[in-house]
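S.K.: My file is data10.tsv. It has TSV, C-alpha atoms (C1' of nucleotides):
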chain	number	residue	atom	x	y	z
A	1	MET	CA	61.98	138.77	192.14
A	2	LYS	CA	61.44	142.28	193.48
A	3	ARG	CA	59.29	143.19	196.46
A	4	GLU	CA	56.41	144.60	194.47
A	5	ALA	CA	56.41	141.60	192.13
A	6	ILE	CA	56.26	139.27	195.13
A	7	ARG	CA	53.27	141.11	196.59
A	8	GLU	CA	51.52	140.98	193.22
A	9	PHE	CA	52.43	137.29	192.93
A	10	PHE	CA	50.56	136.45	196.15
A	11	ARG	CA	47.75	138.90	195.49
A	12	ARG	CA	46.89	136.93	192.35
A	13	LEU	CA	47.18	133.53	194.01
A	14	ALA	CA	44.91	134.83	196.81
A	15	GLU	CA	42.37	136.11	194.32
A	16	ALA	CA	42.33	132.80	192.44
A	17	ASN	CA	42.02	130.71	195.62
A	18	PRO	CA	40.92	132.72	198.70
A	19	HIS	CA	40.89	129.80	201.15
A	20	PRO	CA	43.60	127.29	200.22
A	21	THR	CA	43.79	124.03	202.14
A	22	THR	CA	45.58	120.72	202.04
A	23	GLU	CA	44.36	117.99	199.72
A	24	LEU	CA	45.18	115.34	202.30
A	25	GLU	CA	42.02	113.79	203.76
A	26	TYR	CA	41.75	113.72	207.56
A	27	GLY	CA	39.23	114.05	210.37
A	28	THR	CA	41.41	115.00	213.35
A	29	PRO	CA	44.78	116.65	214.02
A	30	TYR	CA	46.20	113.21	214.78
A	31	GLN	CA	45.04	111.93	211.39
A	32	LEU	CA	46.55	114.94	209.63
A	33	LEU	CA	49.87	114.28	211.36
A	34	VAL	CA	49.86	110.64	210.23
A	35	ALA	CA	48.80	111.60	206.69
A	36	VAL	CA	51.69	114.06	206.40
A	37	VAL	CA	54.18	111.45	207.62
A	38	LEU	CA	52.84	109.07	204.97
A	39	SER	CA	53.04	111.75	202.27
A	40	ALA	CA	56.86	111.79	202.08
A	41	GLN	CA	57.90	111.12	198.46
A	42	ALA	CA	54.32	110.14	197.62
A	43	THR	CA	51.38	111.87	195.96
A	44	ASP	CA	48.46	113.10	198.08
A	45	LYS	CA	46.17	111.01	195.91
A	46	SER	CA	47.93	107.76	196.76
A	47	VAL	CA	48.09	108.74	200.45
A	48	ASN	CA	44.34	109.42	200.53
A	49	LEU	CA	43.57	106.00	199.02
A	50	ALA	CA	45.56	104.35	201.83
A	51	THR	CA	44.41	106.54	204.74
A	52	ARG	CA	40.74	105.94	203.98
A	53	LYS	CA	41.28	102.31	204.90
A	54	LEU	CA	43.82	103.02	207.60
A	55	PHE	CA	41.75	105.60	209.51
A	56	ALA	CA	38.62	103.47	209.23
A	57	ALA	CA	40.52	100.67	210.96
A	58	ALA	CA	42.47	102.89	213.36
A	59	PRO	CA	41.20	106.45	213.84
A	60	THR	CA	43.11	107.14	217.08
A	61	PRO	CA	46.62	106.58	218.46
A	62	GLU	CA	45.31	103.84	220.76
A	63	ALA	CA	43.75	101.98	217.85
A	64	MET	CA	46.89	102.47	215.74
A	65	ILE	CA	49.02	100.80	218.41
A	66	THR	CA	46.55	97.91	218.60
A	67	LEU	CA	46.64	97.56	214.83
A	68	GLY	CA	50.43	97.29	215.01
A	69	GLU	CA	53.20	97.69	212.44
A	70	GLU	CA	52.17	94.72	210.35
A	71	GLY	CA	48.55	95.80	210.33
A	72	VAL	CA	49.44	99.37	209.36
A	73	ALA	CA	51.81	98.12	206.67
A	74	GLU	CA	49.02	96.03	205.18
A	75	HIS	CA	46.90	99.16	204.67
A	76	ILE	CA	49.68	101.37	203.29
A	77	LYS	CA	51.59	98.88	201.11
A	78	THR	CA	50.63	100.90	198.03
A	79	ILE	CA	52.70	103.88	199.21
A	80	GLY	CA	56.45	104.07	198.75
A	81	LEU	CA	58.70	103.70	201.82
A	82	PHE	CA	55.84	101.84	203.51
A	83	ARG	CA	57.90	99.81	205.99
A	84	ASN	CA	59.57	102.87	207.51
A	85	LYS	CA	56.25	104.71	207.52
A	86	ALA	CA	54.40	101.86	209.26
A	87	ARG	CA	57.07	101.68	211.96
A	88	ASN	CA	57.06	105.45	212.46
A	89	THR	CA	53.26	105.65	212.57
A	90	VAL	CA	53.02	103.19	215.43
A	91	ALA	CA	56.04	104.60	217.31
A	92	LEU	CA	54.75	108.13	216.92
A	93	SER	CA	51.36	107.09	218.28
A	94	ARG	CA	53.03	105.61	221.36
A	95	GLN	CA	54.99	108.77	221.97
A	96	LEU	CA	51.86	110.94	221.64
A	97	LEU	CA	50.17	108.88	224.35
A	98	GLU	CA	53.19	108.72	226.64
A	99	ARG	CA	54.23	112.36	226.44
A	100	HIS	CA	51.24	114.38	225.23
A	101	GLY	CA	48.06	112.70	226.44
A	102	GLY	CA	47.34	111.42	222.94
A	103	GLU	CA	47.05	114.96	221.56
A	104	VAL	CA	49.12	116.60	218.82
A	105	PRO	CA	51.39	119.13	220.60
A	106	HIS	CA	51.44	122.76	219.46
A	107	ASP	CA	55.21	122.77	219.87
A	108	ARG	CA	57.90	122.52	217.20
A	109	ALA	CA	60.46	120.68	219.33
A	110	ALA	CA	57.90	118.16	220.55
A	111	LEU	CA	56.72	117.53	216.99
A	112	GLU	CA	60.25	117.09	215.63
A	113	ALA	CA	61.00	114.63	218.45
A	114	LEU	CA	58.34	112.29	217.05
A	115	PRO	CA	59.69	109.42	214.92
A	116	GLY	CA	59.30	110.15	211.22
A	117	VAL	CA	58.67	113.86	211.83
A	118	GLY	CA	61.29	116.37	210.66
A	119	ARG	CA	61.20	120.09	210.14
A	120	LYS	CA	59.01	120.00	207.03
A	121	THR	CA	56.33	117.75	208.55
A	122	ALA	CA	56.36	119.77	211.79
A	123	ASN	CA	55.85	122.96	209.81
A	124	VAL	CA	52.92	121.48	207.88
A	125	VAL	CA	51.24	120.50	211.17
A	126	LEU	CA	51.92	123.88	212.78
A	127	ASN	CA	50.47	125.65	209.75
A	128	THR	CA	47.53	123.40	208.90
A	129	VAL	CA	46.36	122.37	212.39
A	130	PHE	CA	47.24	125.50	214.36
A	131	GLY	CA	47.28	128.18	211.66
A	132	ASP	CA	50.83	129.29	212.44
A	133	PRO	CA	52.52	131.53	209.84
A	134	VAL	CA	55.33	129.11	208.98
A	135	MET	CA	56.63	127.76	205.67
A	136	ALA	CA	57.07	124.03	205.11
A	137	VAL	CA	59.45	123.68	202.18
A	138	ASP	CA	58.73	120.50	200.28
A	139	THR	CA	59.80	119.40	196.79
A	140	HIS	CA	57.23	121.70	195.13
A	141	ILE	CA	58.04	124.82	197.10
A	142	PHE	CA	61.79	124.29	196.79
A	143	ARG	CA	61.54	123.96	193.01
A	144	LEU	CA	59.09	126.82	192.52
A	145	SER	CA	60.93	129.23	194.82
A	146	ASN	CA	64.19	128.74	192.93
A	147	ARG	CA	62.74	128.55	189.45
A	148	THR	CA	60.61	131.67	189.65
A	149	GLY	CA	63.13	133.70	191.65
A	150	LEU	CA	60.56	134.14	194.43
A	151	ALA	CA	62.95	132.95	197.15
A	152	PRO	CA	66.12	131.29	195.86
A	153	GLY	CA	68.20	129.10	198.17
A	154	LYS	CA	70.71	126.25	197.94
A	155	ASP	CA	68.80	123.95	200.32
A	156	VAL	CA	65.34	123.74	201.87
A	157	LEU	CA	66.33	125.61	205.04
A	158	ALA	CA	67.76	128.51	203.04
A	159	VAL	CA	64.57	128.66	200.97
A	160	GLU	CA	62.42	128.55	204.11
A	161	GLN	CA	64.29	131.51	205.60
A	162	ALA	CA	64.16	133.42	202.33
A	163	LEU	CA	60.39	132.88	202.15
A	164	MET	CA	59.91	133.96	205.78
A	165	HIS	CA	61.64	137.23	204.94
A	166	ARG	CA	60.16	137.86	201.50
A	167	VAL	CA	56.52	136.74	201.70
A	168	PRO	CA	54.35	139.66	202.88
A	169	LYS	CA	53.18	139.03	206.45
A	170	ASP	CA	49.48	139.10	205.63
A	171	TYR	CA	49.97	136.32	203.06
A	172	LEU	CA	52.30	134.14	205.10
A	173	LYS	CA	49.74	131.87	206.72
A	174	ASP	CA	48.20	130.81	203.40
A	175	ALA	CA	51.39	130.93	201.31
A	176	HIS	CA	52.29	127.31	202.03
A	177	HIS	CA	49.18	125.88	200.39
A	178	TRP	CA	49.14	128.40	197.55
A	179	LEU	CA	52.68	127.44	196.58
A	180	ILE	CA	52.05	123.69	196.95
A	181	LEU	CA	48.99	123.82	194.74
A	182	HIS	CA	50.62	126.07	192.15
A	183	GLY	CA	53.62	123.74	192.06
A	184	ARG	CA	51.46	120.66	191.76
A	185	TYR	CA	49.14	121.81	189.00
A	186	VAL	CA	50.96	124.57	187.07
A	187	CYS	CA	54.64	124.96	187.96
A	188	THR	CA	55.33	121.23	187.66
A	189	ALA	CA	58.74	119.59	187.78
A	190	ARG	CA	59.09	118.35	184.24
A	191	LYS	CA	57.02	120.52	181.92
A	192	PRO	CA	55.67	123.60	183.71
A	193	ASN	CA	52.47	124.89	182.14
A	194	CYS	CA	53.62	128.47	181.75
A	195	ALA	CA	50.88	129.18	179.21
A	196	ALA	CA	48.28	128.68	181.96
A	197	CYS	CA	50.24	130.45	184.69
A	198	ILE	CA	48.63	133.54	186.22
A	199	VAL	CA	51.98	134.89	187.47
A	200	ARG	CA	53.92	134.22	184.29
A	201	ASP	CA	54.87	137.87	183.74
A	202	LEU	CA	56.41	138.06	187.25
A	203	CYS	CA	58.49	134.91	186.86
A	204	GLU	CA	62.22	134.85	186.13
A	205	PHE	CA	61.94	131.48	184.43
A	206	ARG	CA	58.80	131.73	182.27
A	207	ASP	CA	58.89	129.07	179.60
A	208	LYS	CA	62.59	128.50	179.24
A	209	THR	CA	63.14	124.83	178.49
A	210	ALA	CA	66.05	124.36	180.89
B	1	DA	C1'	75.83	110.58	200.79
B	2	DT	C1'	72.73	106.72	201.04
B	3	DC	C1'	68.81	104.07	202.00
B	4	DC	C1'	63.87	103.40	202.05
B	5	DC	C1'	60.16	102.21	197.87
B	6	DG	C1'	55.10	101.86	195.31
B	7	DA	C1'	52.28	104.08	191.74
B	8	DG	C1'	51.50	107.16	188.04
B	9	DG	C1'	53.17	110.07	184.21
B	10	DG	C1'	55.75	110.88	180.08
C	1	DC	C1'	62.57	102.98	180.33
C	2	DC	C1'	63.34	107.24	183.68
C	3	DC	C1'	61.37	110.86	186.63
C	4	DT	C1'	58.49	112.51	190.25
C	5	DC	C1'	55.73	112.54	194.36
C	6	DT	C1'	54.05	117.85	200.51
C	7	DG	C1'	61.24	113.55	203.59
C	8	DG	C1'	63.53	111.56	207.45
C	9	DA	C1'	67.06	108.79	209.71
C	10	DT	C1'	71.55	107.00	209.61
Output the file's structure in the form of structure tokens.

M.R.:
Amino acid sequence: MKREAIREFFRRLAEANPHPTTELEYGTPYQLLVAVVLSAQATDKSVNLATRKLFAAAPTPEAMITLGEEGVAEHIKTIGLFRNKARNTVALSRQLLERHGGEVPHDRAALEALPGVGRKTANVVLNTVFGDPVMAVDTHIFRLSNRTGLAPGKDVLAVEQALMHRVPKDYLKDAHHWLILHGRYVCTARKPNCAACIVRDLCEFRDKTA
DNA sequence: ATCCCGAGGG
DNA sequence: CCCTCTGGAT
């Protein structure tokens, strides 16, 4: 996709949704961090169902440690990968208390050192909690970036770097949520709804059936 | 490259 | 039935 097409691409997404945000439900930065860890290979909807119960029982890192792995697991059993996620949630809460006074650090290396937190989750937290202009490349953004020709790349890191170079600076902070939402509701994995797509004419894929 | 792993959609 | 969902650790 050419420069001018890319600018027009984001101009339209911005016009359609001026203030994009996450669909994960949370009350504090700590809760957002936990929700993002739980969201790996799971839908936001299923995560929200679980975190309503989980955060009511344990809204803080201290309470999460008291609840314990088994207690956390009981609340999140309906999400895939729940045993790993329960273990990571408790371990991550301990590390926040031991190293960061119970607060979510505004620091990539510190975030990635937390159990269950990799580059993608760290980027979501940096962007959503702190408003940093970074791109978290998840399954939606990877697919959409390659399919449309917006920012092709062979792996998620290549796509992230391509996006950082190609997305106009003034759109970078909001680009993450625009792309997630467009991928979730229009540019879907199996049968993209090209007929309803507002950037269809800019796309290198359009409604090819491949 | 493989494992983890439930729910919803098609 | 198979595929997908805001991945990370080994």

S.K.: Using all atoms listed in the file, select each residue of chain B with any atom at most 9 Å away from an atom of chain A, and give the selection as a list in words.

M.R.: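 Contact residues on the first chain: DC4, DC5, DG6 and DA7 of chain B.
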
S.K.: How would the residues just picked look written out with C-alpha atoms (C1' of nucleotides) as a PDB file, keeping the file's coordinate frame?

M.R.:
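selection-v4.pdb, freshly written:
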ATOM      1  C1'  DC B   4      63.870 103.400 202.050  1.00  0.00           C
ATOM      2  C1'  DC B   5      60.160 102.210 197.870  1.00  0.00           C
ATOM      3  C1'  DG B   6      55.100 101.860 195.310  1.00  0.00           C
ATOM      4  C1'  DA B   7      52.280 104.080 191.740  1.00  0.00           C
TER       5       DA B   7
END

S.K.: Smallest atom-to-atom distance to A:Ile198: which of A:Pro168, A:Thr139, A:Arg3, A:His182, using all atoms listed in the file?

M.R.: A:His182

S.K.: Go ahead and compute the interatomic distance for atom CA of A:Ile141 and atom CA of A:Leu179, in Å to one decimal.

M.R.: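 Straight-line distance from atom CA of A:Ile141 to atom CA of A:Leu179 works out to 6.0 Å.
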
S.K.: Can you pull out the residues contacting A:Ser93? Cut-off 10 Å, using all atoms listed in the file, and skip same-chain residues under 4 positions away; I want them as a ChimeraX atom specification.

M.R.: /A:30,34,60-65,88-89,97-98,102-104,114-115

S.K.: Hey, list the chain A side of the contact with chain C: 8 Å cut-off, only C-alpha atoms (C1' of nucleotides), answer as a PyMOL selection string.

M.R.: chain A and resi 36+39-44+116-118+120+138-140+180+189

S.K.: Skip A:Met164 itself and residues of its chain fewer than 3 positions away, then list as number ranges by chain all residues within 8 Å of it, counting all atoms listed in the file.

M.R.: A: 134-135, 160-161, 167, 172

S.K.: Hey, can you spit out that residue selection with C-alpha atoms as an mmCIF file, in the coordinates of the input?

M.R.:
data_model
loop_
_atom_site.group_PDB
_atom_site.id
_atom_site.type_symbol
_atom_site.label_atom_id
_atom_site.label_comp_id
_atom_site.auth_asym_id
_atom_site.auth_seq_id
_atom_site.Cartn_x
_atom_site.Cartn_y
_atom_site.Cartn_z
ATOM 1 C CA VAL A 134 55.330 129.110 208.980
ATOM 2 C CA MET A 135 56.630 127.760 205.670
ATOM 3 C CA GLU A 160 62.420 128.550 204.110
ATOM 4 C CA GLN A 161 64.290 131.510 205.600
ATOM 5 C CA VAL A 167 56.520 136.740 201.700
ATOM 6 C CA LEU A 172 52.300 134.140 205.100
#

S.K.: Hey, can you check how far atom CA of A:Ala35 sits from atom CA of A:Asn127?

M.R.: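 Result for atom CA of A:Ala35 versus atom CA of A:Asn127: 14.5 Å, one decimal.
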
S.K.: Please, what distance in Å, to one decimal, runs between atom CA of A:Glu204 and atom CA of A:Thr148?

M.R.: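 Interatomic distance here is 5.0 Å.
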
S.K.: Might you pull out every residue within 10 Å of A:Leu33, with only C-alpha atoms (C1' of nucleotides) counted and same-chain residues fewer than 5 positions away left off, and present them as a PyMOL selection string?

M.R.: chain A and resi 26+28+38-39+89+92+104+111+117+121-122+124-126+128-129

S.K.: Anything within 10 Å of (66.8, 125.1, 196.7): list those residues as a PyMOL selection string, counting all atoms listed in the file and sticking to the file's coordinates.

M.R.: chain A and resi 137-139+141-147+151-160

S.K.: Determine, counting all atoms listed in the file, which protein, DNA and RNA residues have an atom within 10 Å of an atom of stretch 201-203 of chain A; residues of the same chain fewer than 5 positions away are not included. Present the result as a tab-separated table (two decimals) with C-alpha atoms, keeping the file's coordinate frame.

M.R.:
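Result went into part31.tsv, see below:
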chain	number	residue	atom	x	y	z
A	1	MET	CA	61.98	138.77	192.14
A	2	LYS	CA	61.44	142.28	193.48
A	4	GLU	CA	56.41	144.60	194.47
A	5	ALA	CA	56.41	141.60	192.13
A	6	ILE	CA	56.26	139.27	195.13
A	8	GLU	CA	51.52	140.98	193.22
A	9	PHE	CA	52.43	137.29	192.93
A	144	LEU	CA	59.09	126.82	192.52
A	147	ARG	CA	62.74	128.55	189.45
A	148	THR	CA	60.61	131.67	189.65
A	149	GLY	CA	63.13	133.70	191.65
A	150	LEU	CA	60.56	134.14	194.43
A	194	CYS	CA	53.62	128.47	181.75

S.K.: Which one of A:Asn48, A:Pro29, A:Pro133, A:Val199 sits closest to A:Arg12 if you count all atoms listed in the file?

M.R.: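 Result for the nearest residue to A:Arg12: A:Val199.
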
S.K.: Mind listing whatever residues come within 9 Å of the point (51.3, 98.2, 216.5)? Use all atoms listed in the file, file coordinates, and give them as number ranges by chain.

M.R.: A: 63-72, 86-87, 89-91

S.K.: Let me have the centre and edge lengths of the axis-aligned box enclosing all listed atoms of chain C with 8 Å padding on every side, in Å to one decimal, as lines of an AutoDock Vina configuration file.

M.R.:
center_x = 62.8
center_y = 110.4
center_z = 195.0
size_x = 33.5
size_y = 30.9
size_z = 45.4

S.K.: Reconstruct N, CA, C and O atoms of stretch 55-68 of chain A from the incomplete input and present them as a short mmCIF file (atom, residue, chain, number, x, y, z; two decimals), keeping the file's coordinate frame.

M.R.:
data_model
loop_
_atom_site.label_atom_id
_atom_site.label_comp_id
_atom_site.auth_asym_id
_atom_site.auth_seq_id
_atom_site.Cartn_x
_atom_site.Cartn_y
_atom_site.Cartn_z
N PHE A 55 42.46 104.86 208.46
CA PHE A 55 41.75 105.60 209.51
C PHE A 55 40.40 104.96 209.84
O PHE A 55 39.88 105.15 210.94
N ALA A 56 39.84 104.22 208.90
CA ALA A 56 38.62 103.47 209.23
C ALA A 56 38.95 102.37 210.23
O ALA A 56 38.19 102.11 211.16
N ALA A 57 40.11 101.74 210.06
CA ALA A 57 40.52 100.67 210.96
C ALA A 57 41.09 101.20 212.26
O ALA A 57 40.94 100.60 213.32
N ALA A 58 41.77 102.35 212.18
CA ALA A 58 42.47 102.89 213.36
C ALA A 58 42.43 104.41 213.35
O ALA A 58 43.37 105.05 212.90
N PRO A 59 41.35 105.00 213.88
CA PRO A 59 41.20 106.45 213.84
C PRO A 59 41.98 107.19 214.92
O PRO A 59 42.16 108.40 214.81
N THR A 60 42.45 106.50 215.94
CA THR A 60 43.11 107.14 217.08
C THR A 60 44.48 106.50 217.34
O THR A 60 44.75 105.40 216.85
N PRO A 61 45.33 107.17 218.13
CA PRO A 61 46.62 106.58 218.46
C PRO A 61 46.48 105.23 219.16
O PRO A 61 47.25 104.30 218.88
N GLU A 62 45.51 105.12 220.06
CA GLU A 62 45.31 103.84 220.76
C GLU A 62 45.03 102.73 219.76
O GLU A 62 45.62 101.64 219.83
N ALA A 63 44.12 103.00 218.84
CA ALA A 63 43.75 101.98 217.85
C ALA A 63 44.92 101.67 216.92
O ALA A 63 45.09 100.52 216.47
N MET A 64 45.75 102.67 216.63
CA MET A 64 46.89 102.47 215.74
C MET A 64 47.90 101.52 216.38
O MET A 64 48.48 100.66 215.71
N ILE A 65 48.10 101.67 217.69
CA ILE A 65 49.02 100.80 218.41
C ILE A 65 48.48 99.37 218.42
O ILE A 65 49.22 98.41 218.21
N THR A 66 47.18 99.24 218.63
CA THR A 66 46.55 97.91 218.60
C THR A 66 46.69 97.27 217.23
O THR A 66 46.98 96.07 217.11
N LEU A 67 46.50 98.08 216.20
CA LEU A 67 46.64 97.56 214.83
C LEU A 67 48.05 97.04 214.58
O LEU A 67 48.23 95.99 213.96
N GLY A 68 49.05 97.77 215.08
CA GLY A 68 50.43 97.29 215.01
C GLY A 68 51.10 97.53 213.67
O GLY A 68 50.44 97.81 212.67
#
